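Below is one structure, written out as structure tokens, with a few remarks after it.
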Amino acid sequence: MHILLVEDDDALSDLLRLHCQERGHSVDRVRRASECLPSVEARTPDCIFLDVRLGDGSGLDLLPVLKARRREVPVMVMTGFEPLHSASRATAGGAEGFLRKPFSVTDVDGVLAHFERCAKTRRPDREAGGATSGPSEAAFVGTSEAMTAVCRALGLSARSGVTTLIEGESGVGKELAARAVHSLSGADRPFAAVDCATIVETLFESELFGHEKGAFTGAHASRDGKVKIAEGGILFLDEIGELTPRMQAKLLRLLQTRTFEPVGSSRLRHAQFQLVAATNRSLERMVEQGAFRQDLFHRLNVLRILMPTLRDRREDIPALVEHFLAEIPPRIRLPVPVLSPEAMAALVAYDWPGNVRELENVVTRLVLEAQGRRIDRETVLARLVHRSDPPVRTLAALERSAVQAALERTGWNFGRTCELLGISRPTLRRKISRYGLRH
């Protein structure tokens, strides 16, 4: 078993290291919080002993960052100073336990025995080539200051259970961030997700609150909604900026009263869940444009987390590329290629409009083309130029242009515009509001 010891007390570290080595384990030791993440990235340990008071920070602040990157690695928090409430904070942050100094050899043996059992349960997955990290690993690979701040905020969300709004461009990992909150707060809790961009307005209440048998045509049996499914856990609303005004009103009432009624029922039910919402749009700007309710925005804007773009965390790109080069080839049954330093430099210099998702797709394509051969700078540049020329517009951008062109062609005559576009007047008004179009 490989152990990482994060402790700035040399005497204690030496004693703990010797005892672990006598038990047949290998031990790496770092003295500072800033040294911990690079050590974990370089070699994933089987377990971690983490001191609370380090020379350059707190182990309790570092804990959620560690768990976001390596969810499966057990962590034992050590301290001789922190008050008792820190034990609950450590547990909420994902720690296996709390070891109070001074501790005895018997205490350490008990912890090691527990860690050994944890390592045995994970070893078959590793030997079979299975994933050893949580689903959020790729999004949180790297040690940039921006992502470290995000991981700390996710840990705070998990500990506090407050409503959390995750913002960021497409491809930055907003849903993975929401799932990281779920993982850090206890993976045994329920997690229910709603994609607000695809849900039909007429089915929103049924999707969220459920329905009784016979409530509407086709309701052949009663069904629980996502609010009921998320009871005691997390309700995740993805792309919340796409909700229509009517849907926004229904959600606001739920958040204000924490009660709901399934469709076709008159029985009021209480709701208990943590709301995590995500959006790639500026809700503040939508409020200014009248496209999003201000009172709902205030309800959502409790803990706000901005996921950084990949171009704002370029220092993480090499680690992400190495992660994908290690993960992708075995999955698609191809040998691992070698990436030249010049090729890596080209990847770092690119602006990545599609963020981590685009980077993963590009690396996948490079692996397929390389067939185990060396990947040089010219190959990378050819792949990046091919992806960026000609530019591709999003469906939302195309729709906005079409609506604007139709309005201008008809002189903003709603009736004629609806005929041109083949949509209803309420739909036209919603799109005008969504895209902030002005006469």
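The chains in the structure tokens are called A, B, ... from first to last as shown; in each chain the residues are counted from 1, and the ligands are counted from 1 in the order shown.
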Next item on the list: For stretch 351-353 of chain A, work out the shell of residues within 9 Å, counting only C-alpha atoms and skipping chain neighbours fewer than 6 positions away, then give it as a list of chain:residue names.
Entry: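 In the requested form, the answer reads A:Glu169, A:Ser170, A:Gly171, A:Thr309, A:Leu310, A:Arg311, A:Arg314, A:Leu359.
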Checklist line | DSSP-assigned alpha helix (DSSP H) members of stretch 227-377 of chain A, reported as a PyMOL selection string | finding: chain A and resi 227-229+245-257+283-288+294-300+317-331+341-349+355-370+377
Check: Tell me, which residues of stretch 162-331 of chain A carry DSSP strand (DSSP E or B), written as a count of residues only?
Finding: 33
Item checked: Shell around A:Thr279 at 12 Å using only C-alpha atoms, local window under 4 positions removed, as a ChimeraX atom specification -> /A:164-175,178,195-197,236-243,283-284,286,297,300,304-307
Check: Using only C-alpha atoms, which of A:Ala177, A:Leu16, A:Leu62, A:Leu437 sits nearest A:Pro102?
Finding: A:Leu16
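For the choices A:Ser433, A:Thr364, A:Thr379, A:Ser157, the atom-to-atom distance to A:Ala180 is smallest for A:Ser157 when using only C-alpha atoms.
With only C-alpha atoms taken into account, the protein and nucleic acid residues at most 12 Å from A:Val385 (excluding it and anything under 5 positions from it in its own chain) are A:Ala346, A:Leu347, A:Tyr350, A:Asp351, A:Trp352, A:Val362, A:Glu378, A:Thr379, A:Val380, A:Pro390, A:Pro391.
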Could you write those residues out with C-alpha atoms, as an mmCIF file, in the first residue's frame?
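Written output follows (out_9.cif):
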data_model
loop_
_atom_site.group_PDB
_atom_site.id
_atom_site.type_symbol
_atom_site.label_atom_id
_atom_site.label_comp_id
_atom_site.auth_asym_id
_atom_site.auth_seq_id
_atom_site.Cartn_x
_atom_site.Cartn_y
_atom_site.Cartn_z
ATOM 1 C CA ALA A 346 0.616 23.734 -29.644
ATOM 2 C CA LEU A 347 -2.192 22.274 -27.533
ATOM 3 C CA TYR A 350 -4.863 26.895 -28.601
ATOM 4 C CA ASP A 351 -7.863 28.817 -27.207
ATOM 5 C CA TRP A 352 -10.225 25.803 -26.816
ATOM 6 C CA VAL A 362 -9.160 16.312 -30.082
ATOM 7 C CA GLU A 378 2.303 19.480 -37.453
ATOM 8 C CA THR A 379 -0.270 16.749 -36.767
ATOM 9 C CA VAL A 380 -1.736 18.723 -33.868
ATOM 10 C CA PRO A 390 -14.682 27.058 -41.222
ATOM 11 C CA PRO A 391 -16.201 28.365 -37.958
#
Margin query: At a cut-off of 6 Å, using only C-alpha atoms, what residues contact stretch 63-67 of chain A? Leave out same-chain residues fewer than 2 positions from it and give the result as number ranges by chain.
Written below: A: 59-61, 69-71, 93, 151-152, 155
Next item on the list: Would you mind telling me which residue in A:Glu322, A:Glu327, A:Glu205, A:Asp28 lies nearest to A:Leu254 when using only C-alpha atoms?
Entry: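 When distances to A:Leu254 are compared using only C-alpha atoms, the smallest one comes from A:Glu205.
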Item checked: Atom pair atom CA of A:Ala345 / atom CA of A:Arg32: separation (Å) ->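 Pair atom CA of A:Ala345 / atom CA of A:Arg32 returns 29.4 Å.
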Note to self: Between atom CA of A:Leu296 and atom CA of A:Val276, what is the distance in Å, rounded to a tenth?
What the structure shows: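 Going from atom CA of A:Leu296 over to atom CA of A:Val276 covers 13.5 Å.
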Next item on the list: Name all residues at most 8 Å from stretch 8-12 of chain A (count only C-alpha atoms; drop same-chain ones fewer than 5 positions away) and give them as a VMD selection string.
Entry: chain A and resid 30 to 32 51 54 to 55
Write a file of the just-selected residues containing C-alpha atoms, as a PDB file, in the first residue's frame.
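Output saved as again38.pdb:
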ATOM      1  CA  VAL A  30       5.156  16.439   1.846  1.00  0.00           C
ATOM      2  CA  ARG A  31       5.350  19.331   4.299  1.00  0.00           C
ATOM      3  CA  ARG A  32       3.098  21.943   2.653  1.00  0.00           C
ATOM      4  CA  ASP A  51      -2.620  17.307   9.038  1.00  0.00           C
ATOM      5  CA  LEU A  54       0.146  23.221   7.706  1.00  0.00           C
ATOM      6  CA  GLY A  55       2.670  25.977   7.113  1.00  0.00           C
TER       7      GLY A  55
END
Check: Separation of atom CA of A:Phe115 and atom CA of A:Phe140, in Å?
Finding: 24.3 Å
Margin query: Set the distance at 12 Å and use only C-alpha atoms: which residues neighbour A:Asp107 once local chain neighbours fewer than 3 positions away are removed? I'd like the list as a PyMOL selection string.
Written below: chain A and resi 16+19+76+78+97-104+110-114
Restrict the selected residues to C-alpha atoms and save them as an mmCIF file, in the first residue's frame.
data_model
loop_
_atom_site.group_PDB
_atom_site.id
_atom_site.type_symbol
_atom_site.label_atom_id
_atom_site.label_comp_id
_atom_site.auth_asym_id
_atom_site.auth_seq_id
_atom_site.Cartn_x
_atom_site.Cartn_y
_atom_site.Cartn_z
ATOM 1 C CA LEU A 16 4.716 7.660 11.407
ATOM 2 C CA HIS A 19 5.878 2.563 11.609
ATOM 3 C CA MET A 76 -7.529 10.467 7.656
ATOM 4 C CA MET A 78 -4.886 14.541 11.986
ATOM 5 C CA GLY A 97 -12.080 9.842 10.171
ATOM 6 C CA PHE A 98 -10.410 12.227 12.590
ATOM 7 C CA LEU A 99 -7.179 11.233 14.406
ATOM 8 C CA ARG A 100 -6.455 13.423 17.430
ATOM 9 C CA LYS A 101 -2.833 14.036 18.446
ATOM 10 C CA PRO A 102 -1.058 12.688 20.354
ATOM 11 C CA PHE A 103 -2.096 9.292 19.063
ATOM 12 C CA SER A 104 -0.743 5.877 19.951
ATOM 13 C CA GLY A 110 -6.353 0.590 13.502
ATOM 14 C CA VAL A 111 -6.284 3.268 10.796
ATOM 15 C CA LEU A 112 -3.858 1.249 8.664
ATOM 16 C CA ALA A 113 -6.021 -1.853 8.955
ATOM 17 C CA HIS A 114 -9.003 0.152 7.721
#
